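Here is the file final11.cif (mmCIF, C-alpha atoms).
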```cif
data_data
#
loop_
_atom_site.label_atom_id
_atom_site.label_comp_id
_atom_site.auth_asym_id
_atom_site.auth_seq_id
_atom_site.Cartn_x
_atom_site.Cartn_y
_atom_site.Cartn_z
CA MET A 1 293.33 145.56 65.24
CA GLU A 2 290.80 148.40 65.36
CA ASP A 3 293.69 150.90 65.38
CA LEU A 4 295.07 149.42 62.18
CA ILE A 5 291.77 149.63 60.41
CA THR A 6 291.34 153.23 61.52
CA THR A 7 294.87 154.09 60.39
CA LEU A 8 294.19 152.72 56.93
CA GLY A 9 291.11 154.89 56.71
CA ALA A 10 288.76 151.93 56.17
CA ALA A 11 285.30 151.73 57.53
CA PRO A 12 285.01 149.71 60.77
CA LEU A 13 283.91 146.07 60.30
CA SER A 14 281.23 144.46 62.41
CA HIS A 15 282.31 141.60 64.72
CA ASP A 16 280.43 138.95 62.76
CA ASP A 17 281.82 140.05 59.37
CA PRO A 18 283.70 137.09 57.65
CA VAL A 19 286.36 139.43 56.31
CA ARG A 20 287.18 140.53 59.83
CA SER A 21 287.49 136.91 60.91
CA GLN A 22 289.92 136.08 58.06
CA MET A 23 292.03 139.13 58.80
CA MET A 24 292.29 138.21 62.46
CA THR A 25 293.40 134.68 61.58
CA LEU A 26 296.08 135.81 59.16
CA ALA A 27 297.38 138.35 61.64
CA ALA A 28 297.74 135.67 64.31
CA GLU A 29 299.58 133.15 62.06
CA GLY A 30 301.88 135.69 60.45
CA ILE A 31 302.86 135.61 56.78
CA SER A 32 306.11 134.33 55.27
CA ALA A 33 308.45 136.56 53.37
CA LYS A 34 307.82 134.46 50.27
CA LEU A 35 304.12 135.24 50.46
CA LEU A 36 304.86 138.87 50.96
CA LYS A 37 306.96 138.91 47.80
CA GLN A 38 304.11 137.37 45.86
CA ILE A 39 301.62 139.91 47.05
CA VAL A 40 301.62 143.22 45.29
CA THR A 41 299.69 146.02 46.82
CA PRO A 42 297.48 147.44 44.07
CA ARG A 43 297.05 151.12 43.57
CA SER A 44 293.52 152.41 43.72
CA PRO A 45 292.23 153.41 40.27
CA ILE A 46 290.06 156.09 41.86
CA PRO A 47 291.82 159.45 42.39
CA LYS A 48 291.59 161.11 45.71
CA ALA A 49 288.50 163.22 46.00
CA ARG A 50 289.10 166.93 45.63
CA GLU A 51 287.53 169.66 47.64
CA ARG A 52 284.56 171.02 45.75
CA THR A 53 282.84 174.35 45.99
CA PRO A 54 279.24 173.93 47.16
CA THR A 55 276.84 174.17 44.26
CA PRO A 56 273.96 176.67 44.75
CA VAL A 57 270.50 175.23 44.73
CA GLN A 58 268.83 175.92 41.37
CA PRO A 59 265.19 177.06 41.25
CA GLY A 60 262.87 174.26 40.25
CA SER A 61 265.39 171.52 41.17
CA GLY A 62 263.09 170.23 43.93
CA VAL A 63 265.91 170.55 46.50
CA GLU A 64 265.02 172.52 49.58
CA PRO A 65 267.62 175.25 50.31
CA MET A 66 269.30 175.44 53.72
CA ALA A 67 269.81 178.43 55.94
CA ALA A 68 273.20 180.15 55.97
CA ASP A 69 274.01 179.05 59.52
CA ARG A 70 273.47 175.33 58.76
CA THR A 71 276.04 172.84 57.46
CA ALA A 72 275.77 169.81 55.22
CA VAL A 73 277.59 166.52 55.89
CA VAL A 74 279.20 165.25 52.69
CA HIS A 75 280.44 161.62 52.37
CA ARG A 76 282.73 160.77 49.50
CA THR A 77 282.99 157.14 48.56
CA ALA A 78 285.38 155.25 46.33
CA THR A 79 285.34 151.67 45.09
CA LEU A 80 288.57 149.61 45.12
CA VAL A 81 288.84 147.41 42.13
CA GLY A 82 290.68 144.22 43.06
CA ALA A 83 291.40 140.88 41.56
CA PRO A 84 288.61 138.48 40.56
CA ARG A 85 286.79 137.15 43.60
CA LYS A 86 286.49 133.47 44.32
CA ARG A 87 285.11 131.59 47.28
CA GLU A 88 286.22 127.99 46.54
CA SER A 89 289.59 128.03 48.38
CA LYS A 90 291.92 129.94 50.56
CA LYS A 91 293.93 130.71 47.44
CA GLY A 92 290.87 132.37 46.10
CA LEU A 93 290.71 134.40 49.27
CA TYR A 94 294.20 135.68 48.60
CA ALA A 95 293.24 136.45 45.05
CA ALA A 96 290.43 138.61 46.34
CA LEU A 97 292.81 140.88 48.20
CA GLY A 98 292.10 144.52 47.55
CA GLY A 99 295.39 145.77 49.10
CA VAL A 100 298.09 145.05 51.72
CA ALA A 101 299.27 147.15 54.62
CA ILE A 102 302.30 146.35 56.86
CA VAL A 103 302.43 147.84 60.32
CA GLY A 104 305.44 146.68 62.31
CA SER A 105 305.48 142.89 62.12
CA VAL A 106 301.79 142.59 61.35
CA VAL A 107 300.51 142.29 57.82
CA LEU A 108 296.94 143.55 57.33
CA LEU A 109 295.06 142.37 54.28
CA ILE A 110 292.28 144.62 52.99
CA LEU A 111 289.61 142.43 51.42
CA ALA A 112 286.73 143.36 49.23
CA PRO A 113 283.25 142.39 50.50
CA TRP A 114 281.92 139.15 49.04
CA ASP A 115 278.72 140.49 47.50
CA SER A 116 279.67 144.02 46.39
CA ALA A 117 282.63 146.19 45.53
CA PRO A 118 284.49 147.48 48.56
CA VAL A 119 283.62 150.95 49.71
CA VAL A 120 286.10 153.30 51.30
CA THR A 121 284.58 156.26 53.07
CA GLU A 122 286.63 159.41 53.41
CA PRO A 123 286.51 161.40 56.61
CA THR A 124 283.38 163.42 57.07
CA GLN A 125 283.63 167.04 55.94
CA THR A 126 281.45 169.93 57.01
CA VAL A 127 280.76 172.25 54.09
CA PRO A 128 278.81 175.52 54.58
CA VAL A 129 275.83 175.97 52.29
CA GLU A 130 275.50 179.34 50.58
CA ASP A 131 272.30 181.35 50.83
CA ALA A 132 269.85 180.66 48.03
CA PRO A 133 266.38 182.16 47.53
CA ALA A 134 263.55 179.85 48.44
CA THR A 135 261.66 178.59 45.39
CA PRO A 136 258.00 178.01 46.22
CA LEU A 137 256.48 174.84 44.88
CA PRO A 138 253.67 175.35 42.34
CA PRO A 139 250.32 175.42 44.16
CA THR A 140 247.90 172.63 43.60
CA GLN A 141 244.63 173.98 42.10
CA GLN A 142 241.64 173.60 44.36
CA PRO A 143 238.64 171.67 43.09
CA ILE A 144 235.97 173.89 41.49
CA ALA A 145 232.47 173.74 42.93
CA ARG A 146 230.75 176.16 40.55
CA ILE A 147 231.23 179.03 38.11
CA ASP A 148 229.50 182.33 38.79
CA ILE A 149 228.54 184.30 35.66
CA GLY A 150 227.77 188.01 35.67
CA PRO A 151 225.52 189.78 35.05
CA ASP A 152 222.76 187.41 36.16
CA GLU A 153 220.08 188.39 33.61
CA PRO A 154 221.87 190.12 30.75
CA VAL A 155 219.89 192.02 28.11
CA LEU A 156 221.48 193.18 24.89
CA ASP A 157 220.36 195.00 21.76
CA VAL A 158 220.99 193.62 18.30
CA ASP A 159 224.50 194.48 17.02
CA GLN A 160 225.64 195.54 20.48
CA THR A 161 228.34 193.82 22.58
CA LEU A 162 228.54 192.86 26.25
CA LEU A 163 231.45 191.40 28.27
CA LEU A 164 230.45 188.59 30.61
CA SER A 165 232.50 187.58 33.65
CA ALA A 166 233.08 184.02 34.88
CA THR A 167 234.46 183.40 38.40
CA ALA A 168 235.52 179.95 39.62
CA ILE A 169 234.34 179.23 43.18
CA GLY A 170 235.68 176.44 45.40
CA PHE A 171 233.76 174.25 47.83
CA ASP A 172 234.72 176.67 50.61
CA ASP A 173 233.03 179.53 48.66
CA ALA A 174 236.44 181.11 48.04
CA ILE A 175 237.42 182.48 44.64
CA ILE A 176 239.88 180.32 42.72
CA SER A 177 242.19 182.40 40.55
CA GLY A 178 244.05 181.38 37.42
CA VAL A 179 241.24 179.16 36.12
CA GLU A 180 240.88 179.07 32.33
CA VAL A 181 237.21 179.27 31.35
CA SER A 182 235.85 178.46 27.90
CA TRP A 183 232.62 179.87 26.43
CA ILE A 184 230.05 178.56 23.96
CA SER A 185 226.75 179.87 22.61
CA GLU A 186 223.96 177.37 22.12
CA ASP A 187 222.57 179.43 19.21
CA GLU A 188 225.06 181.43 17.18
CA THR A 189 222.26 182.95 15.08
CA VAL A 190 220.97 184.81 18.15
CA ALA A 191 224.28 185.68 19.84
CA SER A 192 227.94 184.76 19.48
CA VAL A 193 230.54 184.70 22.25
CA SER A 194 234.32 185.01 22.08
CA PRO A 195 236.81 182.93 24.14
CA LEU A 196 237.06 185.91 26.52
CA GLY A 197 233.27 186.06 27.11
CA GLU A 198 232.45 189.02 24.85
CA VAL A 199 228.92 188.56 23.50
CA THR A 200 227.56 190.08 20.27
CA GLY A 201 223.82 190.24 19.63
CA ARG A 202 222.86 188.86 16.21
CA ALA A 203 219.06 188.66 16.22
CA ALA A 204 216.17 189.18 18.63
CA GLY A 205 215.49 186.22 20.91
CA THR A 206 216.96 184.33 23.87
CA VAL A 207 220.03 182.09 24.00
CA ARG A 208 221.94 180.15 26.65
CA LEU A 209 225.64 180.96 27.06
CA VAL A 210 227.70 178.24 28.75
CA ALA A 211 230.97 178.76 30.66
CA SER A 212 233.00 175.65 31.49
CA ALA A 213 236.20 174.85 33.37
CA GLY A 214 237.09 171.18 33.36
CA ASP A 215 233.97 169.20 34.21
CA VAL A 216 232.18 172.17 35.81
CA ARG A 217 229.67 174.07 33.66
CA SER A 218 227.43 177.07 34.29
CA ALA A 219 224.97 178.80 31.97
CA VAL A 220 223.18 182.13 31.77
CA THR A 221 220.20 183.10 29.58
CA LEU A 222 220.80 186.16 27.42
CA THR A 223 217.94 188.20 25.93
CA ILE A 224 218.56 189.96 22.63
CA GLN A 225 216.07 192.71 21.83
CA THR A 226 215.45 194.91 18.83
CA PRO A 227 216.60 198.44 19.63
CA PRO A 228 213.86 201.10 19.76
CA PRO A 229 213.55 203.42 16.77
CA PRO A 230 215.64 206.55 17.00
CA ALA A 231 213.97 209.55 18.55
CA PRO A 232 212.83 212.17 16.04
CA VAL A 233 215.10 215.12 15.62
CA THR A 234 213.75 218.04 17.59
CA VAL A 235 213.57 221.31 15.64
CA ARG A 236 214.06 224.33 17.82
CA VAL A 237 211.71 227.28 17.50
CA ALA A 238 213.62 230.35 16.46
CA SER A 239 210.77 232.85 16.13
CA VAL A 240 206.99 233.36 16.44
CA ALA A 241 204.89 235.28 13.92
CA LEU A 242 201.39 236.75 14.58
CA ASN A 243 198.73 237.25 11.93
CA ARG A 244 198.19 240.81 13.19
CA GLN A 245 200.55 243.13 15.03
CA GLN A 246 197.84 245.72 15.81
CA LEU A 247 194.19 245.28 16.72
CA SER A 248 191.57 248.08 17.13
CA LEU A 249 188.40 247.17 18.97
CA SER A 250 185.51 248.90 20.63
CA VAL A 251 184.35 247.90 24.04
CA GLY A 252 182.54 244.60 23.76
CA GLU A 253 184.07 243.60 20.46
CA THR A 254 186.35 240.59 19.89
CA GLY A 255 189.26 239.85 17.59
CA GLN A 256 191.28 236.72 16.71
CA LEU A 257 195.06 236.42 16.87
CA ARG A 258 197.04 233.44 15.47
CA ALA A 259 200.66 232.55 16.30
CA THR A 260 202.95 230.58 13.94
CA PRO A 261 206.25 229.14 15.32
CA ARG A 262 209.12 229.02 12.82
CA SER A 263 212.57 227.44 12.75
CA SER A 264 215.82 229.24 12.10
CA GLY A 265 215.37 228.40 8.43
CA GLY A 266 211.92 229.98 8.35
CA SER A 267 209.96 226.73 8.13
CA VAL A 268 206.81 226.25 10.17
CA VAL A 269 207.28 224.15 13.33
CA GLY A 270 204.08 222.29 14.16
CA GLY A 271 202.83 220.59 17.27
CA ARG A 272 203.91 223.28 19.68
CA THR A 273 201.88 224.89 22.46
CA VAL A 274 201.35 228.68 22.40
CA ALA A 275 201.05 230.55 25.68
CA TRP A 276 198.86 233.72 25.44
CA ARG A 277 198.99 236.63 27.85
CA THR A 278 197.47 240.15 28.18
CA SER A 279 199.22 243.09 29.78
CA ASP A 280 195.95 244.63 31.12
CA PRO A 281 192.89 242.43 31.51
CA SER A 282 190.74 245.51 32.39
CA ILE A 283 191.12 246.69 28.80
CA ALA A 284 191.40 243.44 26.82
CA THR A 285 191.38 239.73 27.62
CA VAL A 286 192.69 236.81 25.56
CA SER A 287 191.68 233.12 25.52
CA ARG A 288 193.88 229.99 25.06
CA SER A 289 193.01 230.03 21.38
CA GLY A 290 194.11 233.66 20.95
CA GLN A 291 190.67 235.35 20.92
CA VAL A 292 190.86 238.94 22.22
CA ARG A 293 187.88 240.68 23.82
CA ALA A 294 187.70 244.46 24.42
CA VAL A 295 186.60 245.23 27.93
CA GLY A 296 187.37 248.89 28.47
CA SER A 297 188.83 251.77 26.58
CA GLY A 298 192.59 252.08 26.47
CA ARG A 299 195.60 250.17 25.17
CA ALA A 300 196.85 246.66 26.03
CA THR A 301 199.49 244.25 24.72
CA ILE A 302 198.65 240.66 23.82
CA SER A 303 201.71 238.34 23.69
CA ALA A 304 202.19 234.82 22.28
CA THR A 305 205.14 232.71 23.57
CA VAL A 306 206.51 229.42 22.16
CA GLU A 307 209.69 227.87 23.66
CA ASN A 308 210.94 231.20 25.01
CA GLN A 309 210.24 232.90 21.69
CA ARG A 310 207.67 235.73 21.93
CA ALA A 311 205.59 237.92 19.65
CA ASP A 312 203.36 240.88 20.66
CA ALA A 313 200.25 242.57 19.28
CA ALA A 314 199.05 246.04 20.32
CA VAL A 315 195.29 246.29 21.05
CA THR A 316 193.46 249.61 21.17
CA VAL A 317 189.99 249.65 22.66
CA ALA A 318 187.75 252.68 21.90
CA ILE A 319 184.26 253.64 23.24
CA GLU A 320 181.65 252.73 20.61
CA PRO A 321 179.66 255.78 19.52
CA VAL A 322 175.94 255.87 20.18
CA ALA A 323 173.97 255.46 17.00
CA SER A 324 170.47 255.82 18.41
CA VAL A 325 168.51 256.33 21.66
CA SER A 326 164.92 255.18 22.19
CA VAL A 327 162.64 255.87 25.20
CA SER A 328 160.13 253.37 26.46
CA PRO A 329 157.21 253.80 26.70
CA SER A 330 157.17 256.29 23.91
CA SER A 331 153.95 257.96 25.26
CA GLY A 332 151.76 258.11 28.35
CA ILE A 333 148.70 259.79 30.01
CA LEU A 334 148.89 260.86 33.61
CA GLU A 335 146.63 262.53 36.05
CA THR A 336 147.96 265.46 37.94
CA GLY A 337 150.13 264.23 40.72
CA GLN A 338 150.73 260.79 39.16
CA THR A 339 154.21 259.39 38.31
CA ALA A 340 155.53 257.03 35.65
CA SER A 341 158.96 255.52 34.96
CA LEU A 342 160.68 255.76 31.58
CA SER A 343 163.78 253.87 30.26
CA ALA A 344 166.28 254.59 27.53
CA ARG A 345 167.90 252.06 25.19
CA LEU A 346 171.20 252.97 23.48
CA VAL A 347 172.41 251.28 20.33
CA GLY A 348 175.98 251.56 19.07
CA SER A 349 177.29 251.90 15.56
CA ALA A 350 177.77 248.15 15.35
CA GLY A 351 174.09 247.63 16.13
CA THR A 352 174.76 246.34 19.60
CA ALA A 353 173.16 247.69 22.72
CA LEU A 354 175.40 249.93 24.67
CA ILE A 355 175.58 249.70 28.43
CA ASP A 356 177.27 251.69 31.12
CA ARG A 357 176.69 254.90 29.27
CA THR A 358 175.50 258.12 30.85
CA VAL A 359 171.92 259.16 29.97
CA VAL A 360 170.58 262.67 30.62
CA TRP A 361 166.82 263.11 31.05
CA GLU A 362 165.05 266.36 30.06
CA SER A 363 161.40 267.67 30.23
CA GLY A 364 160.00 269.92 27.55
CA SER A 365 157.82 271.77 30.13
CA VAL A 366 158.45 271.35 33.79
CA SER A 367 155.12 273.15 34.49
CA ILE A 368 153.28 270.21 32.99
CA ALA A 369 155.63 267.30 34.00
CA THR A 370 159.05 266.89 35.52
CA VAL A 371 161.58 263.97 35.13
CA SER A 372 164.25 262.75 37.51
CA ALA A 373 167.82 261.62 36.64
CA ASP A 374 166.71 258.02 36.51
CA GLY A 375 163.68 258.65 34.19
CA MET A 376 160.85 259.03 36.78
CA VAL A 377 158.13 261.42 35.40
CA THR A 378 155.76 263.40 37.68
CA ALA A 379 152.55 265.06 36.32
CA VAL A 380 152.32 268.65 37.55
CA SER A 381 149.45 270.24 35.66
CA PRO A 382 147.22 269.48 32.70
CA GLY A 383 148.89 269.71 29.33
CA VAL A 384 151.13 267.87 26.86
CA THR A 385 154.96 267.83 27.05
CA THR A 386 157.98 265.83 25.81
CA ILE A 387 160.39 263.86 28.02
CA SER A 388 163.79 263.23 26.31
CA ALA A 389 166.82 260.93 26.97
CA VAL A 390 170.18 262.18 25.68
CA ALA A 391 173.39 260.02 25.35
CA GLY A 392 176.43 260.36 23.14
CA GLY A 393 174.92 263.25 21.26
CA ARG A 394 171.89 261.20 20.42
CA ARG A 395 168.37 261.87 21.72
CA GLY A 396 165.22 259.83 22.24
CA SER A 397 161.85 261.12 23.56
CA ALA A 398 158.39 260.20 24.78
CA SER A 399 155.10 262.24 24.77
CA ILE A 400 153.40 262.76 28.16
CA THR A 401 149.80 264.07 28.53
CA VAL A 402 148.66 265.33 31.91
CA ASN A 403 144.89 265.58 32.62
#
```
Show me the file's structure as structure tokens.
Amino acid sequence: MEDLITTLGAAPLSHDDPVRSQMMTLAAEGISAKLLKQIVTPRSPIPKARERTPTPVQPGSGVEPMAADRTAVVHRTATLVGAPRKRESKKGLYAALGGVAIVGSVVLLILAPWDSAPVVTEPTQTVPVEDAPATPLPPTQQPIARIDIGPDEPVLDVDQTLLLSATAIGFDDAIISGVEVSWISEDETVASVSPLGEVTGRAAGTVRLVASAGDVRSAVTLTIQTPPPPAPVTVRVASVALNRQQLSLSVGETGQLRATPRSSGGSVVGGRTVAWRTSDPSIATVSRSGQVRAVGSGRATISATVENQRADAAVTVAIEPVASVSVSPSSGILETGQTASLSARLVGSAGTALIDRTVVWESGSVSIATVSADGMVTAVSPGVTTISAVAGGRRGSASITVN
């Protein structure tokens, strides 16, 4: 019996299946020729399954591809459509026949199952599966713990822009990529923000900027400040002019120099510091204000420098001529053998006392009184004589009486 079922290509029936029991009974009793004439073996309405080329796995189909060295087991099924099924009588059983097979003297009836259409399973085929690239499943986004905004304490000038960054962070402190973040400004009159996080300062003040992704929100406080006034344009000094290019002084005299910085256009440049310098301080000196003092005879150069621009003045210092010489005391009475000291005072043409000049002392009669180089008079013998002091072609004298 099992051989017959296998030969017909039907699926094996379990031992307690009622169809198997009916088939065994009919096979044991045999079937008359009249019954055989009445039974027509139906032809299956389902065509034989054709060999099919394996279909490649399409990306996104949700089907996991198989390796090239694996095989897939394909079962093809077909449903036999038989006569209407009835359970009331044995005649109904015959009416439910799905087909007849005769092997030798044994008639095998193929019956459809009572509760569903009969299923015929073709032999198992092993079909190789072609290689197909693996399609990764879309990742599931991790839950967001917070949003980090940078910079932390942004400061922006009015009418300037600043790009803020927003980074989604998971509960494991890892960065979550591909998160869409939206931005809002809580006060558009102070600062506005674009969907990409670009902020534009509108007015001085502070404003909170909020970044959100789903239910997670983070905010940062932005300070908008008024920009400082522009720095004044610096005018470069192109030249320096002096009020005098030459200065003639006598020793002891002073003179004033003034420096004026000018631009390339000739305009005066104010607020600049002038550096003064003398080439020979033994002849002339100069103060921070440009005052020149004659110290000794000769020539010196006084320079004024402003931002690497320099101007010079030539100073000539001459010896002041002696205008007058006076001797003090102008007279004196000495006893023979006594001494007395005289002094000379020199006055220059400017009315100032002259110092460091050479004075020559002379006695009108050395037999009455003599005088040393420093003005010391010695009474020699009774009489009257004149002691003179000579300097710069000028002379001063004193009368000496010796008793």
Could you tell me, as a list in words, exactly which residues end up selected when the PyMOL selection byres ((chain A and resi 160) around 6) is applied to this structure?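 In the shown coordinates, the PyMOL selection byres ((chain A and resi 160) around 6) covers Asp157, Val158, Asp159, Thr161, Thr200 and Gly201 of chain A.
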I need the output of the PyMOL selection byres ((chain A and resi 186) around 7) for this file as a PyMOL selection string; which residues are they? chain A and resi 184-185+187-188+207-209
So that I can check the surroundings of Asp374 of chain A, please list as a ChimeraX atom specification every protein, DNA and RNA residue that reaches within 9 Å of it, counting all atoms listed in the file and ignoring chain neighbours fewer than 6 positions away. /A:341-343,359-361
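Restricting the calculation to only C-alpha atoms, the smallest distance between Arg395 of chain A and any of A:Thr316, A:Ser326, A:Gln309, A:Ser279 is found for A:Ser326.
When atom CA of Ala213 of chain A is paired with atom CA of Asp172 of chain A, their separation reads 17.4 Å.
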How far is it from atom CA of Ser267 of chain A to atom CA of Gln246 of chain A, in Å with one decimal? 23.8 Å
Excluding Ala311 of chain A and its own-chain neighbours fewer than 5 positions away, which residues fall within 10 Å of it when counting only C-alpha atoms? Please give them as a CSV table (one decimal) with C-alpha atoms, in the coordinates of the input.
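Writing the result to selection_4.csv gives the following:
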```csv
chain,number,residue,atom,x,y,z
A,239,SER,CA,210.8,232.8,16.1
A,240,VAL,CA,207.0,233.4,16.4
A,241,ALA,CA,204.9,235.3,13.9
A,242,LEU,CA,201.4,236.8,14.6
A,245,GLN,CA,200.6,243.1,15.0
A,259,ALA,CA,200.7,232.6,16.3
A,260,THR,CA,203.0,230.6,13.9
A,261,PRO,CA,206.2,229.1,15.3
A,276,TRP,CA,198.9,233.7,25.4
A,302,ILE,CA,198.6,240.7,23.8
A,303,SER,CA,201.7,238.3,23.7
A,304,ALA,CA,202.2,234.8,22.3
A,305,THR,CA,205.1,232.7,23.6
A,306,VAL,CA,206.5,229.4,22.2
```
Selection result of the PyMOL selection byres ((chain A and resi 180) around 9) on this file, as a count of residues only: 8
Atomic distance atom CA of Leu156 of chain A - atom CA of Ser194 of chain A, expressed in Å with one decimal: 15.5 Å
Spatial neighbours of Asn403 of chain A, max dist 12 Å, all atoms listed in the file, sep filter under 3 positions, as a ChimeraX atom specification: /A:332-338,368-369,379-385,400
Residues within 9 Å of Arg394 of chain A, please, as a list in words. Count only C-alpha atoms; anything in the same chain fewer than 5 positions from it doesn't count. Val322, Ala323, Ser324, Val325, Leu346 and Ala389 of chain A
Nearest residue to Val251 of chain A from the set A:Ile175, A:Leu354, A:Ile147, A:Ala238 (distances using all atoms listed in the file):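 Under the stated criterion, the closest residue is A:Leu354.
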Using only C-alpha atoms, pick whichever of A:Ser218, A:Thr254, A:Thr401, A:Thr273 has the shortest atom-to-atom distance to Arg293 of chain A.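 Among A:Ser218, A:Thr254, A:Thr401, A:Thr273, it is A:Thr254 that comes nearest to Arg293 of chain A.
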Option closest in space to Val315 of chain A, from A:Thr339, A:Ser264, A:Thr301, A:Ser330 [counting all atoms listed in the file]: A:Thr301
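Counting only C-alpha atoms and comparing A:Ala204, A:Ala174, A:Val377, A:Val317, the residue that lies closest to Leu247 of chain A is A:Val317.
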